[in-house]
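In what follows, a single structure is set out as structure tokens and then discussed.
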Amino acid sequence: MITFDDGSNWQSLRAPSRDSDGRAFECDTSDSERCSLHLHSITTPHNFGRIFSSPAPGFVMGVGHVGEALTTYAESDTFLSTDAGVTWTMARPGAHKYEFGDSGSILVIVNDEEPTDTIQYSTDLGKTWNSYNIGVKLLARGLMTLPDSTSQKFLLLGQVLRRDQKDGVKSVVVVFLDFAKTRSRKCGSGDFENWYARSGKSECLMGHKQWYKRRRPDVDCYVGEKYQDPVVHEDNCRCTDADFECDYNFVRDGNECVPVGPEPIPAGVCTGDPNQTYMGSSGYRKIPGNTCSGGVAKDNQVQKKCSQGNTNQEPSEAAPKEGDVIHQT
């Protein structure tokens, strides 16, 4: 499951319509209830460092399965999202270890199911993949780079099977991978684009359009910068229904927020006359952290009869006026 509004709403991961070879999946990917993407997480760790995401804005990778439920790791494939989980593609068939480098401009993967003498890498956000023979056949045990994913250098830790131990190679090897010479120039200001974080349904996320600078996929250059927190740029949006969640004492019933118990009534407002009214919750509140302005105002208080504060429709459950004493049984 994934959320784009700080946990107010959750949805299944949208599965790609086709695999890496262009073939359709066995299930109907338009039906997210029965056919979605499921990823292995911290309960089945197969690498060091981050499980899914990269410090580079929008990049997410994972090993999983498209279907009704998650299968075993050995039956899984490797998936990539470059838009923070809105859409996904199958990067390569089979389970792979993966890492991000040079602020997301390099993606490196290695087979995690069987011995291999080849790593694969992409310098265009996963659109194409290149293969490189490392000269030794090994079982990958770890693929690492700097925790901030800014380096072009990686370490691959592997175990060599006895039948493949030759020419002085022992049972454990460490392979140093340096991609510095794969690109000849450093990126300039014109090599970056504005990448907008979005939920898939709207350009607005948590009440604003949020964008970051990210290297364009079609340029041949390296970022080569030390890590800095991504600079967030925000442009506020007008409020819509998506910017509100159920208020306290309300729960979602379909598309509506309905009360689950008596609503507290301000002290001294209701004095026993059922025709009296008070200003109470509409059932909605703006999601904390949401910055939208104008537009829909679903959190405005509404006028209610005093009897509405009580699920039994008795005259009142209002708190007494300050200083008054009441007896309840």
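Following the order of the structure tokens, first chain is A, next is B, and so on, with residues numbered from 1 inside each chain and ligands from 1 in the order they appear.
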Within region 18-221 of chain A, find each residue whose DSSP state, derived from the backbone, is helix (DSSP H, G or I), and express the selection as an NGL selection string. :A and (73-75 or 102-104 or 162-164 or 180-182 or 189-191)
A:His96, A:Val136, A:Asp83, A:Cys306: which is nearest Gly168 (chain A), counting only C-alpha atoms? A:Val136
If I take CA of Cys237 (chain A) and CA of Pro217 (chain A), how far is one from the other in Å, to one decimal?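 Interatomic distance here is 28.1 Å.
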Can you tell me which residues surround region 188-201 of chain A at a distance of at most 6 Å, considering only C-alpha atoms, apart from same-chain residues fewer than 3 positions away, and format the answer as a list in words?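 Here the answer would be Phe4, Val86, Leu205, Gln210, Trp211, Tyr212, Lys213, Arg214, Arg215 and Arg216 of chain A.
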Could you take the residues named above and write them with all heavy atoms, as a short mmCIF file (atom, residue, chain, number, x, y, z; two decimals), in the first residue's frame?
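File selection-v3.cif, as written:
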```
data_model
loop_
_atom_site.label_atom_id
_atom_site.label_comp_id
_atom_site.auth_asym_id
_atom_site.auth_seq_id
_atom_site.Cartn_x
_atom_site.Cartn_y
_atom_site.Cartn_z
N PHE A 4 -0.19 9.18 -0.37
CA PHE A 4 0.37 10.43 -0.87
C PHE A 4 -0.08 11.63 -0.03
O PHE A 4 0.19 12.76 -0.41
CB PHE A 4 -0.05 10.64 -2.33
CG PHE A 4 0.47 9.59 -3.27
CD1 PHE A 4 -0.34 8.53 -3.67
CD2 PHE A 4 1.76 9.65 -3.76
CE1 PHE A 4 0.13 7.55 -4.53
CE2 PHE A 4 2.25 8.67 -4.62
CZ PHE A 4 1.44 7.62 -5.01
N VAL A 86 3.95 6.52 -8.13
CA VAL A 86 2.69 6.67 -8.85
C VAL A 86 2.57 5.60 -9.93
O VAL A 86 1.55 4.92 -10.05
CB VAL A 86 2.58 8.08 -9.47
CG1 VAL A 86 1.28 8.20 -10.29
CG2 VAL A 86 2.60 9.13 -8.38
N LEU A 205 -0.47 18.06 -4.29
CA LEU A 205 -0.23 17.06 -3.26
C LEU A 205 -0.14 17.78 -1.92
O LEU A 205 0.69 18.67 -1.76
CB LEU A 205 1.08 16.32 -3.57
CG LEU A 205 1.39 15.07 -2.77
CD1 LEU A 205 0.37 13.98 -3.07
CD2 LEU A 205 2.79 14.56 -3.12
N GLN A 210 4.36 20.55 -5.62
CA GLN A 210 5.68 20.44 -5.03
C GLN A 210 6.65 19.93 -6.08
O GLN A 210 6.41 18.91 -6.72
CB GLN A 210 5.62 19.47 -3.84
CG GLN A 210 6.89 19.37 -3.02
CD GLN A 210 6.70 18.42 -1.86
OE1 GLN A 210 6.85 17.21 -1.99
NE2 GLN A 210 6.35 18.96 -0.70
N TRP A 211 7.74 20.66 -6.28
CA TRP A 211 8.68 20.22 -7.30
C TRP A 211 10.12 20.37 -6.84
O TRP A 211 10.44 21.13 -5.95
CB TRP A 211 8.45 20.96 -8.61
CG TRP A 211 8.52 22.46 -8.56
CD1 TRP A 211 7.52 23.32 -8.22
CD2 TRP A 211 9.65 23.28 -8.86
NE1 TRP A 211 7.94 24.61 -8.28
CE2 TRP A 211 9.27 24.63 -8.69
CE3 TRP A 211 10.96 23.01 -9.28
CZ2 TRP A 211 10.13 25.69 -8.90
CZ3 TRP A 211 11.83 24.07 -9.49
CH2 TRP A 211 11.41 25.38 -9.32
N TYR A 212 10.96 19.56 -7.49
CA TYR A 212 12.39 19.51 -7.18
C TYR A 212 13.17 19.59 -8.49
O TYR A 212 12.65 19.30 -9.57
CB TYR A 212 12.75 18.18 -6.49
CG TYR A 212 12.00 17.89 -5.22
CD1 TYR A 212 10.74 17.30 -5.26
CD2 TYR A 212 12.55 18.16 -3.98
CE1 TYR A 212 10.05 17.02 -4.09
CE2 TYR A 212 11.88 17.87 -2.81
CZ TYR A 212 10.63 17.30 -2.87
OH TYR A 212 9.95 17.01 -1.72
N LYS A 213 14.44 19.92 -8.37
CA LYS A 213 15.33 19.87 -9.51
C LYS A 213 15.91 18.46 -9.62
O LYS A 213 16.35 17.87 -8.63
CB LYS A 213 16.48 20.88 -9.34
CG LYS A 213 16.07 22.33 -9.54
CD LYS A 213 15.78 22.62 -11.02
CE LYS A 213 15.52 24.10 -11.25
NZ LYS A 213 15.21 24.40 -12.66
N ARG A 214 15.89 17.91 -10.84
CA ARG A 214 16.40 16.56 -11.06
C ARG A 214 17.04 16.48 -12.45
O ARG A 214 16.57 17.12 -13.39
CB ARG A 214 15.26 15.55 -10.94
CG ARG A 214 15.72 14.13 -10.82
CD ARG A 214 14.56 13.20 -10.47
NE ARG A 214 13.69 12.93 -11.60
CZ ARG A 214 12.66 12.08 -11.57
NH1 ARG A 214 12.36 11.48 -10.44
NH2 ARG A 214 11.92 11.88 -12.63
N ARG A 215 18.11 15.69 -12.57
CA ARG A 215 18.77 15.57 -13.87
C ARG A 215 17.84 14.98 -14.91
O ARG A 215 17.12 14.01 -14.63
CB ARG A 215 20.02 14.70 -13.74
CG ARG A 215 21.03 14.92 -14.85
CD ARG A 215 21.85 13.69 -15.12
NE ARG A 215 21.04 12.63 -15.72
CZ ARG A 215 21.53 11.54 -16.29
NH1 ARG A 215 22.83 11.34 -16.32
NH2 ARG A 215 20.73 10.63 -16.81
N ARG A 216 17.83 15.55 -16.09
CA ARG A 216 16.99 15.04 -17.17
C ARG A 216 17.48 13.66 -17.61
O ARG A 216 18.69 13.39 -17.60
CB ARG A 216 17.01 16.00 -18.36
CG ARG A 216 16.27 17.29 -18.11
CD ARG A 216 16.64 18.36 -19.13
NE ARG A 216 16.82 17.80 -20.47
CZ ARG A 216 17.55 18.37 -21.42
NH1 ARG A 216 18.20 19.50 -21.15
NH2 ARG A 216 17.65 17.83 -22.61
#
```
Which of A:Asp77, A:Glu225, A:Glu203, A:Asp112 sits closest to Asp19 (chain A) [using only C-alpha atoms]: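 Once distances to Asp19 (chain A) are computed over only C-alpha atoms, the minimum belongs to A:Asp77.
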